[in-house]
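Single-structure report; data block below.
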Amino acid sequence: LEPRVRAIVLIGVGLAVLQQWSGINSIFNYAEEIFRTAGYGIGDIMFNIVITGAINLVFTLVAIAMVDRVGRRTLMLVGCAAIGVSHLLLGGAYAAGLKGLPVLVFTLCSLGAYALSLAPVTWVLIAEIFPNRVRGAAVSVAVSALWIACFILTFAFPILQRTAGIAATFWIYAAVCFAGFVFVRAKVPETKGRSLEQIEGQLGL
């Protein structure tokens, strides 16, 4: 609860919430409904779900190869921007009444950007930014926030879809991603190539 430590814990909580409220887990959890709304039949829906899983795996492997070369902060910034743009386009496709391939392409763009950035890198940053003396408790707080945010996201998606429409739902997720870009740029340090002690010094701890 020390002010300096509390500020870093809030950054960790912010990263955790951003990872979930970027909206990607809504695609995973409600893929059948999302693709059905886009006009796909059950056979195509199942095939699309297989494709989304494959994209998730491939880009996660790419992220593993890139995270120490490109840097955590850079990947997070690229991811927030790319997911936000993809959500904007996906919402626009729904708003325009487009069916089929455009919706699948924009969905896969969102998933690929997420698997390359927010999905794995959030966990890396949560493990690195906290000072040694409080790391266990701080990581616990951040991870608890992540799963609470996941519950809220999953619970809220059907409500948002019914009340605002699926296009507006993805535009809301896009707004969260763009806000996350500003948050990461302003508050999140680059931890690539730095020891835990150097990161503490960089954060003034």
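Chains: A, B, ... in order of the structure tokens. Residues: from 1 per chain. Ligands: from 1, in order shown.
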
Ser110 in chain A surroundings by only C-alpha atoms, 9 Å radius, close-in-sequence under 3 positions cut, as JSON, numbers by chain: {"A": [24, 79, 82, 83, 84, 85, 86, 87, 90, 105, 106, 107, 113, 114, 115]}

Contacts of Gly39 in chain A at 12 Å (only C-alpha atoms; same-chain gap of 3+ positions) as a list in words: Glu32, Glu33, Ile34, Phe35, Arg36, Ile42, Gly43, Asp44, Ile45, Tyr94, Gly97, Leu98, Lys99, Gly100, Leu101, Pro102, Val103 and Leu104 of chain A

Could those selected residues go to a file with N, CA, C and O atoms, as a compact mmCIF listing (two decimals), in the first residue's frame?
# COMPACT_ATOMS: atom_id res chain seq x y z
N GLU A 32 -19.51 -19.05 -31.96
CA GLU A 32 -20.63 -19.60 -32.72
C GLU A 32 -21.68 -18.53 -33.01
O GLU A 32 -22.15 -18.36 -34.14
N GLU A 33 -22.01 -17.76 -31.98
CA GLU A 33 -23.03 -16.72 -32.15
C GLU A 33 -22.54 -15.60 -33.07
O GLU A 33 -23.29 -15.09 -33.92
N ILE A 34 -21.28 -15.22 -32.94
CA ILE A 34 -20.71 -14.15 -33.76
C ILE A 34 -20.71 -14.55 -35.23
O ILE A 34 -21.12 -13.77 -36.10
N PHE A 35 -20.27 -15.77 -35.52
CA PHE A 35 -20.22 -16.20 -36.92
C PHE A 35 -21.62 -16.48 -37.47
O PHE A 35 -21.86 -16.28 -38.67
N ARG A 36 -22.54 -16.92 -36.62
CA ARG A 36 -23.91 -17.13 -37.10
C ARG A 36 -24.53 -15.79 -37.50
O ARG A 36 -25.23 -15.69 -38.51
N ILE A 42 -23.71 -23.96 -39.72
CA ILE A 42 -23.04 -24.64 -38.63
C ILE A 42 -21.72 -25.27 -39.07
O ILE A 42 -20.73 -25.24 -38.35
N GLY A 43 -21.67 -25.85 -40.29
CA GLY A 43 -20.43 -26.44 -40.77
C GLY A 43 -19.33 -25.41 -40.92
O GLY A 43 -18.19 -25.62 -40.50
N ASP A 44 -19.67 -24.28 -41.52
CA ASP A 44 -18.69 -23.21 -41.69
C ASP A 44 -18.29 -22.60 -40.35
O ASP A 44 -17.13 -22.19 -40.17
N ILE A 45 -19.23 -22.52 -39.42
CA ILE A 45 -18.91 -22.00 -38.10
C ILE A 45 -17.84 -22.85 -37.43
O ILE A 45 -16.86 -22.34 -36.88
N TYR A 94 -20.39 -5.30 -39.66
CA TYR A 94 -21.72 -5.65 -39.13
C TYR A 94 -22.72 -4.53 -39.40
O TYR A 94 -23.86 -4.78 -39.78
N GLY A 97 -24.02 -4.51 -42.81
CA GLY A 97 -24.73 -5.72 -43.21
C GLY A 97 -23.91 -6.69 -44.02
O GLY A 97 -24.47 -7.56 -44.70
N LEU A 98 -22.57 -6.56 -43.95
CA LEU A 98 -21.72 -7.49 -44.69
C LEU A 98 -21.75 -8.86 -44.05
O LEU A 98 -21.87 -8.99 -42.83
N LYS A 99 -21.65 -9.88 -44.86
CA LYS A 99 -21.69 -11.25 -44.37
C LYS A 99 -20.43 -11.99 -44.82
O LYS A 99 -19.71 -11.58 -45.72
N GLY A 100 -20.19 -13.12 -44.18
CA GLY A 100 -19.18 -14.04 -44.65
C GLY A 100 -17.74 -13.59 -44.49
O GLY A 100 -17.31 -13.20 -43.41
N LEU A 101 -16.99 -13.60 -45.59
CA LEU A 101 -15.54 -13.44 -45.57
C LEU A 101 -15.04 -12.16 -44.90
O LEU A 101 -14.08 -12.23 -44.12
N PRO A 102 -15.64 -10.96 -45.15
CA PRO A 102 -15.11 -9.77 -44.46
C PRO A 102 -15.12 -9.90 -42.94
O PRO A 102 -14.15 -9.51 -42.28
N VAL A 103 -16.20 -10.46 -42.41
CA VAL A 103 -16.29 -10.63 -40.96
C VAL A 103 -15.21 -11.60 -40.48
O VAL A 103 -14.54 -11.36 -39.47
N LEU A 104 -15.01 -12.69 -41.20
CA LEU A 104 -13.98 -13.66 -40.82
C LEU A 104 -12.59 -13.03 -40.86
O LEU A 104 -11.79 -13.21 -39.94

Backbone DSSP call of helix (DSSP H, G or I) for chain A, listed as a PyMOL selection string: chain A and resi 3-21+24-29+31-37+42-70+72-95+101-116+118-128+132-163+166-187+196-202

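Here CA of Ala16 in chain A and CA of Gly53 in chain A stand 21.8 Å from one another.
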
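When only C-alpha atoms are used to measure the gap to Phe183 in chain A, the shortest distance among A:Ile27, A:Ile11, A:Ala149, A:Phe170 belongs to A:Ile11.
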
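Nearest residue to Leu88 in chain A, choosing from A:Val5, A:Gln20, A:Trp171, A:Phe178 and counting only C-alpha atoms: A:Trp171.
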
Exercise: range 139-144 of chain A partners within 9 Å, only C-alpha atoms, chain neighbours under 2 positions left out, as number ranges by chain: A: 9-17, 123, 126-127, 130, 134-137, 146-149

Grab the residues selected above and save them as a PDB file, in the first residue's frame with N, CA and C atoms.
ATOM      1  N   VAL A   9       1.328  -1.324  -8.812  1.00  0.00           N
ATOM      2  CA  VAL A   9       0.274  -2.345  -8.749  1.00  0.00           C
ATOM      3  C   VAL A   9      -0.912  -1.933  -9.621  1.00  0.00           C
ATOM      4  N   LEU A  10      -1.232  -0.659  -9.611  1.00  0.00           N
ATOM      5  CA  LEU A  10      -2.342  -0.179 -10.446  1.00  0.00           C
ATOM      6  C   LEU A  10      -2.002  -0.314 -11.935  1.00  0.00           C
ATOM      7  N   ILE A  11      -0.730  -0.136 -12.298  1.00  0.00           N
ATOM      8  CA  ILE A  11      -0.332  -0.372 -13.686  1.00  0.00           C
ATOM      9  C   ILE A  11      -0.544  -1.840 -14.042  1.00  0.00           C
ATOM     10  N   GLY A  12      -0.141  -2.742 -13.142  1.00  0.00           N
ATOM     11  CA  GLY A  12      -0.347  -4.167 -13.378  1.00  0.00           C
ATOM     12  C   GLY A  12      -1.816  -4.518 -13.509  1.00  0.00           C
ATOM     13  N   VAL A  13      -2.647  -3.940 -12.648  1.00  0.00           N
ATOM     14  CA  VAL A  13      -4.088  -4.166 -12.733  1.00  0.00           C
ATOM     15  C   VAL A  13      -4.633  -3.615 -14.050  1.00  0.00           C
ATOM     16  N   GLY A  14      -4.144  -2.431 -14.457  1.00  0.00           N
ATOM     17  CA  GLY A  14      -4.582  -1.846 -15.721  1.00  0.00           C
ATOM     18  C   GLY A  14      -4.242  -2.727 -16.905  1.00  0.00           C
ATOM     19  N   LEU A  15      -3.041  -3.303 -16.904  1.00  0.00           N
ATOM     20  CA  LEU A  15      -2.651  -4.217 -17.982  1.00  0.00           C
ATOM     21  C   LEU A  15      -3.543  -5.454 -18.008  1.00  0.00           C
ATOM     22  N   ALA A  16      -3.839  -5.980 -16.831  1.00  0.00           N
ATOM     23  CA  ALA A  16      -4.684  -7.177 -16.737  1.00  0.00           C
ATOM     24  C   ALA A  16      -6.088  -6.904 -17.271  1.00  0.00           C
ATOM     25  N   VAL A  17      -6.664  -5.789 -16.866  1.00  0.00           N
ATOM     26  CA  VAL A  17      -8.011  -5.438 -17.316  1.00  0.00           C
ATOM     27  C   VAL A  17      -8.018  -5.152 -18.812  1.00  0.00           C
ATOM     28  N   TRP A 123       1.247 -11.140 -19.466  1.00  0.00           N
ATOM     29  CA  TRP A 123       1.759 -12.028 -18.408  1.00  0.00           C
ATOM     30  C   TRP A 123       3.240 -11.768 -18.146  1.00  0.00           C
ATOM     31  N   ILE A 126       3.459  -8.448 -16.146  1.00  0.00           N
ATOM     32  CA  ILE A 126       2.998  -8.630 -14.766  1.00  0.00           C
ATOM     33  C   ILE A 126       4.069  -9.331 -13.936  1.00  0.00           C
ATOM     34  N   ALA A 127       4.818 -10.224 -14.554  1.00  0.00           N
ATOM     35  CA  ALA A 127       5.869 -10.939 -13.823  1.00  0.00           C
ATOM     36  C   ALA A 127       7.111 -10.092 -13.597  1.00  0.00           C
ATOM     37  N   PHE A 130       6.930  -5.668 -10.942  1.00  0.00           N
ATOM     38  CA  PHE A 130       6.759  -5.471  -9.502  1.00  0.00           C
ATOM     39  C   PHE A 130       8.074  -5.656  -8.756  1.00  0.00           C
ATOM     40  N   VAL A 134       7.466  -7.336  -2.905  1.00  0.00           N
ATOM     41  CA  VAL A 134       6.002  -7.483  -2.910  1.00  0.00           C
ATOM     42  C   VAL A 134       5.514  -8.259  -4.132  1.00  0.00           C
ATOM     43  N   ARG A 135       6.440  -8.903  -4.857  1.00  0.00           N
ATOM     44  CA  ARG A 135       6.063  -9.502  -6.149  1.00  0.00           C
ATOM     45  C   ARG A 135       4.931 -10.523  -5.992  1.00  0.00           C
ATOM     46  N   GLY A 136       5.017 -11.398  -5.015  1.00  0.00           N
ATOM     47  CA  GLY A 136       3.988 -12.425  -4.858  1.00  0.00           C
ATOM     48  C   GLY A 136       2.600 -11.839  -4.655  1.00  0.00           C
ATOM     49  N   ALA A 137       2.489 -10.903  -3.728  1.00  0.00           N
ATOM     50  CA  ALA A 137       1.190 -10.294  -3.453  1.00  0.00           C
ATOM     51  C   ALA A 137       0.709  -9.451  -4.627  1.00  0.00           C
ATOM     52  N   LEU A 146      -7.409  -9.661 -13.452  1.00  0.00           N
ATOM     53  CA  LEU A 146      -7.551 -10.185 -14.812  1.00  0.00           C
ATOM     54  C   LEU A 146      -8.761 -11.106 -14.906  1.00  0.00           C
ATOM     55  N   TRP A 147      -8.900 -12.029 -13.955  1.00  0.00           N
ATOM     56  CA  TRP A 147     -10.004 -12.991 -14.048  1.00  0.00           C
ATOM     57  C   TRP A 147     -11.345 -12.371 -13.683  1.00  0.00           C
ATOM     58  N   ILE A 148     -11.337 -11.373 -12.818  1.00  0.00           N
ATOM     59  CA  ILE A 148     -12.578 -10.626 -12.564  1.00  0.00           C
ATOM     60  C   ILE A 148     -13.009  -9.890 -13.825  1.00  0.00           C
ATOM     61  N   ALA A 149     -12.034  -9.268 -14.508  1.00  0.00           N
ATOM     62  CA  ALA A 149     -12.335  -8.572 -15.764  1.00  0.00           C
ATOM     63  C   ALA A 149     -12.832  -9.552 -16.819  1.00  0.00           C
TER      64      ALA A 149
END

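A straight line drawn from CA of Arg73 in chain A to CA of Glu190 in chain A is 5.2 Å long.
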
Contact residues around range 156-167 of chain A with only C-alpha atoms at 8 Å, ignoring same-chain residues under 6 positions, as number ranges by chain: A: 26, 90-95

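If you measure from each of A:Thr191, A:Leu75, A:Ile152, A:Ala174 to Leu89 in chain A using only C-alpha atoms, the closest one turns out to be A:Ala174.
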
Minimum-distance residue to Ile49 in chain A, chosen among A:Thr74, A:Asn29, A:Ser117, A:Asn132 (using only C-alpha atoms): A:Asn29

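Closest approach to Val188 in chain A from the set A:Leu125, A:Val176, A:Met66, A:Cys109 is made by A:Leu125, with distances taken over only C-alpha atoms.
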
Polymer residues at most 7 Å from Leu116 in chain A, only C-alpha atoms, same-chain spacing of 4 or more positions, as a list in words: Phe59, Thr60, Val62, Ala63 and Gly112 of chain A

N, CA and C atoms of the current selection, written as a PDB file, in the first residue's frame:
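What follows is the written file result.pdb:
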ATOM      1  N   PHE A  59       0.349 -17.147 -34.053  1.00  0.00           N
ATOM      2  CA  PHE A  59       0.818 -15.821 -33.652  1.00  0.00           C
ATOM      3  C   PHE A  59       1.362 -15.819 -32.223  1.00  0.00           C
ATOM      4  N   THR A  60       0.919 -16.744 -31.391  1.00  0.00           N
ATOM      5  CA  THR A  60       1.529 -16.876 -30.070  1.00  0.00           C
ATOM      6  C   THR A  60       2.971 -17.338 -30.197  1.00  0.00           C
ATOM      7  N   VAL A  62       4.888 -16.788 -32.780  1.00  0.00           N
ATOM      8  CA  VAL A  62       5.611 -15.624 -33.304  1.00  0.00           C
ATOM      9  C   VAL A  62       5.953 -14.659 -32.170  1.00  0.00           C
ATOM     10  N   ALA A  63       4.996 -14.456 -31.258  1.00  0.00           N
ATOM     11  CA  ALA A  63       5.232 -13.555 -30.123  1.00  0.00           C
ATOM     12  C   ALA A  63       6.379 -14.054 -29.251  1.00  0.00           C
ATOM     13  N   GLY A 112      -5.166 -12.446 -34.365  1.00  0.00           N
ATOM     14  CA  GLY A 112      -3.732 -12.492 -34.600  1.00  0.00           C
ATOM     15  C   GLY A 112      -2.986 -11.410 -33.841  1.00  0.00           C
TER      16      GLY A 112
END

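If you look at CA of Asp68 in chain A and CA of Asn56 in chain A, they are 19.4 Å away from each other.
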
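Among the candidates A:Ile8, A:Val121, A:Tyr40, A:Ser22, the one nearest to Ile64 in chain A when counting only C-alpha atoms is A:Val121.
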